Structure formats: structure tokens, C-alpha cells
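Colleague: For reference, the structure I am asking about is given below.
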Amino acid sequence: MQNRSYLLYLSFVCTAILGLLHIFALFFYLYWSYWWFDLMVHFLGGLSVGLAAYWVLFDSGFLPDKPRRVWVRVASVLAVLMIAGIAWEIFEYMNGITDSFEAVYAVDVMNDLLADFLGAILAAFIGIKHTLLTSRPR
């Protein structure tokens with residue numbers, strides 16, 4: 001039996017972990033104490049959004065035509081994620097929650113987007129593996 005919602009559930013689990021980590025980080029000042037904590041949270045955010053994007057685009061059944069080429073699937077997930085990541089960075093900047101000095105702000109944004117990107121790559125490959133395993137005749 002094919003579980004079409006597996007990737008969506010996995011995305012929800014990642015999002016719940018992300019939310020808990022964020023609350024924990026704010027309470028214990030982890031973003032300010034450990035330079036890598038923000039990157040880990042961005043990676044998990046990229047994974048969560050990437051899994052949800054893959055599910056909506058290719059597993060949910062909402063869209064009738066599904067590309068068979070792997071690179072199209074990966075590029076689609078990355079495009080959705082980069083739009084979300086850039087929107088998040090604009091949100092942080094507009095609300096003054098960047099917590100970076102002007103000299104290193106661009107580097108911080110690029111690191112955040114790179115972590116988002118890597119999380120989305122992992123999400124795309126998890127989605128492709130799931131698609132291949134569930135479409136294989138038994």
C-alpha cells in the first residue's frame with residue numbers, strides 16, 4: 001500500500017522539532033551562544049519546507065502532470081525553498097530581528113540561505129527515494 005502522506009507527516013515532524021528547538025534556543029540564548037545553532041535551525045527549516053514542497057508538487061495528487069526527470073523535481077523543490085528562504089530573510093530584516101552588524105549581515109544571509117538550500121537538497125532526495133520505493137511494483 002502506498003502512503004501518499006508520508007512526506008507531509010515527515011515535514012510536520014520536522015516542523016514540530018524546529019519549533020521546539022527555536023523556543024528552547026530563545027529561552028537559553030542558544031542563537032547568541034553557539035554560532036552553529038542558527039545554521040542547524042535553517043537546515044531543518046529547509047528540510048521541512050522542502051519536504052512539504054515535494055509533497056505538494058509531486059505526491060499529493062494536486063497537480064496532474066508530474067515530471068519524471070529527477071533534476072526537474074530537485075530544481076522545483078529548490079525554487080520553492082529559495083523563495084521561502086529569501087522571504088524569511090526579508091521578514092527578518094524588515095522587523096529588525098537580524099542581530100547582525102552591517103559588515104557581516106550579507107555573510108549571515110548567505111550562510112542562512114546555504115543551510116536552507118542544503119536542507120532542501122536532502123528533502124528532494126528523500127522525496128525522490130520515497131517516490132521510487134512506492135512506485136516500484138512488488
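The chains in the C-alpha cells are called A, B, ... from first to last as shown; in each chain the residues are counted from 1, and the ligands are counted from 1 in the order shown.
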Pick out each residue of chain A that DSSP on the backbone tags as helix (DSSP H, G or I); I need them as an MDAnalysis selection string.

Modeller: chainID A and resid 6:28 30:33 37:59 70:94 102:135

Colleague: Considering only C-alpha atoms, return as a list in words whatever protein or nucleic-acid residues lie within 7 Å of region 114-122 of chain A, sequence-local ones (same chain, fewer than 2 positions apart) excluded.

Modeller: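 My reading of the contact set: Leu39, His42, Phe43, Leu44, Gly45, Gly46, Leu47, Gly50, Val74, Val77, Leu78, Leu81, Gly85, Met110, Asn111, Asp112, Ala124, Phe125 and Ile126 of chain A.
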
Colleague: Counting only C-alpha atoms, which residues of region 103-137 of chain A sit at most 10 Å from some atom of region 6-22 of chain A, and what is each one's closest atom pair with its distance in Å to one decimal, listed by chain and rising residue number, as JSON lines?

Modeller:
{"residue": "A:Ala123", "atom": "CA", "partner": "A:Leu7", "partner_atom": "CA", "distance": 9.0}
{"residue": "A:Ile126", "atom": "CA", "partner": "A:Leu7", "partner_atom": "CA", "distance": 8.4}
{"residue": "A:Gly127", "atom": "CA", "partner": "A:Leu7", "partner_atom": "CA", "distance": 6.9}
{"residue": "A:His130", "atom": "CA", "partner": "A:Leu7", "partner_atom": "CA", "distance": 8.1}
{"residue": "A:Thr131", "atom": "CA", "partner": "A:Leu7", "partner_atom": "CA", "distance": 9.8}

Colleague: Which residue is closest to Val49 (chain A)? Choose from A:Ala106, A:Leu132, A:Leu26, A:Ala84 and count only C-alpha atoms.

Modeller: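 For Val49 (chain A), the nearest of the given residues is A:Ala84.
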
Colleague: In Å, with one decimal, what is the gap from CA of Val107 (chain A) to CA of Glu89 (chain A)?

Modeller: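 Computing it gives 12.3 Å between the two atoms.
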
Colleague: Give me, please, the distance in Å between CA of Leu133 (chain A) and CA of Met82 (chain A), quoted to one decimal.

Modeller: 27.1 Å

Colleague: Can you pull out the residues contacting Asp108 (chain A)? Cut-off 12 Å, using only C-alpha atoms, and skip same-chain residues under 5 positions away; I want them as a PyMOL selection string.

Modeller: chain A and resi 35-36+38-39+42+89+92-93+98-103+113-115

Colleague: Go ahead and dump the residues you just picked, N, CA and C atoms, as a PDB file, in the first residue's frame.

Modeller:
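Full text of part02.pdb as output:
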ATOM      1  N   TRP A  35      27.385  29.694  17.474  1.00  0.00           N
ATOM      2  CA  TRP A  35      27.268  30.250  16.122  1.00  0.00           C
ATOM      3  C   TRP A  35      26.595  29.278  15.166  1.00  0.00           C
ATOM      4  N   TRP A  36      26.719  27.984  15.409  1.00  0.00           N
ATOM      5  CA  TRP A  36      26.211  26.965  14.501  1.00  0.00           C
ATOM      6  C   TRP A  36      24.729  26.673  14.716  1.00  0.00           C
ATOM      7  N   ASP A  38      22.050  28.582  14.635  1.00  0.00           N
ATOM      8  CA  ASP A  38      21.213  29.207  13.604  1.00  0.00           C
ATOM      9  C   ASP A  38      21.288  28.431  12.301  1.00  0.00           C
ATOM     10  N   LEU A  39      22.477  27.943  11.961  1.00  0.00           N
ATOM     11  CA  LEU A  39      22.626  27.152  10.737  1.00  0.00           C
ATOM     12  C   LEU A  39      21.862  25.836  10.829  1.00  0.00           C
ATOM     13  N   HIS A  42      18.223  26.619  10.367  1.00  0.00           N
ATOM     14  CA  HIS A  42      17.927  26.905   8.957  1.00  0.00           C
ATOM     15  C   HIS A  42      17.947  25.624   8.119  1.00  0.00           C
ATOM     16  N   GLU A  89      14.270  35.910   5.035  1.00  0.00           N
ATOM     17  CA  GLU A  89      15.339  36.873   5.286  1.00  0.00           C
ATOM     18  C   GLU A  89      14.815  38.307   5.173  1.00  0.00           C
ATOM     19  N   GLU A  92      12.930  38.980   8.396  1.00  0.00           N
ATOM     20  CA  GLU A  92      13.850  39.269   9.497  1.00  0.00           C
ATOM     21  C   GLU A  92      14.386  40.700   9.393  1.00  0.00           C
ATOM     22  N   TYR A  93      14.764  41.106   8.206  1.00  0.00           N
ATOM     23  CA  TYR A  93      15.328  42.442   8.007  1.00  0.00           C
ATOM     24  C   TYR A  93      14.292  43.526   8.275  1.00  0.00           C
ATOM     25  N   THR A  98      17.518  40.769  12.767  1.00  0.00           N
ATOM     26  CA  THR A  98      18.676  40.151  12.117  1.00  0.00           C
ATOM     27  C   THR A  98      19.803  39.901  13.100  1.00  0.00           C
ATOM     28  N   ASP A  99      19.976  40.758  14.083  1.00  0.00           N
ATOM     29  CA  ASP A  99      21.006  40.614  15.108  1.00  0.00           C
ATOM     30  C   ASP A  99      22.394  40.440  14.505  1.00  0.00           C
ATOM     31  N   SER A 100      22.657  41.146  13.440  1.00  0.00           N
ATOM     32  CA  SER A 100      23.981  41.124  12.819  1.00  0.00           C
ATOM     33  C   SER A 100      24.418  42.550  12.545  1.00  0.00           C
ATOM     34  N   PHE A 101      25.703  42.765  12.557  1.00  0.00           N
ATOM     35  CA  PHE A 101      26.249  44.060  12.192  1.00  0.00           C
ATOM     36  C   PHE A 101      26.263  44.170  10.674  1.00  0.00           C
ATOM     37  N   GLU A 102      26.228  45.383  10.187  1.00  0.00           N
ATOM     38  CA  GLU A 102      26.201  45.612   8.734  1.00  0.00           C
ATOM     39  C   GLU A 102      27.334  44.902   8.011  1.00  0.00           C
ATOM     40  N   ALA A 103      28.506  44.859   8.610  1.00  0.00           N
ATOM     41  CA  ALA A 103      29.669  44.280   7.938  1.00  0.00           C
ATOM     42  C   ALA A 103      29.509  42.782   7.710  1.00  0.00           C
ATOM     43  N   LEU A 113      20.917  31.065   3.772  1.00  0.00           N
ATOM     44  CA  LEU A 113      20.351  30.542   2.526  1.00  0.00           C
ATOM     45  C   LEU A 113      21.058  29.262   2.081  1.00  0.00           C
ATOM     46  N   LEU A 114      22.347  29.163   2.339  1.00  0.00           N
ATOM     47  CA  LEU A 114      23.067  27.931   2.020  1.00  0.00           C
ATOM     48  C   LEU A 114      22.565  26.771   2.877  1.00  0.00           C
ATOM     49  N   ALA A 115      22.334  27.021   4.164  1.00  0.00           N
ATOM     50  CA  ALA A 115      21.795  25.974   5.043  1.00  0.00           C
ATOM     51  C   ALA A 115      20.386  25.581   4.596  1.00  0.00           C
TER      52      ALA A 115
END

Colleague: What does the distance from CA of Ser5 (chain A) to CA of Leu51 (chain A) come to in Å, to one decimal?

Modeller: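 Interatomic distance, CA of Ser5 (chain A) to CA of Leu51 (chain A): 10.8 Å.
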
Colleague: Given the choices A:Asn95, A:Val109, A:Leu57, A:Phe62, which gets closest to Ala79 (chain A) if the distance is worked out from only C-alpha atoms?

Modeller: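 Answer, going by the shortest atom-to-atom distance: A:Leu57.
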
Colleague: Nearest residue to Lys129 (chain A) out of A:Ala75, A:Val41, A:Val80, A:Val70, using only C-alpha atoms?

Modeller: A:Val70
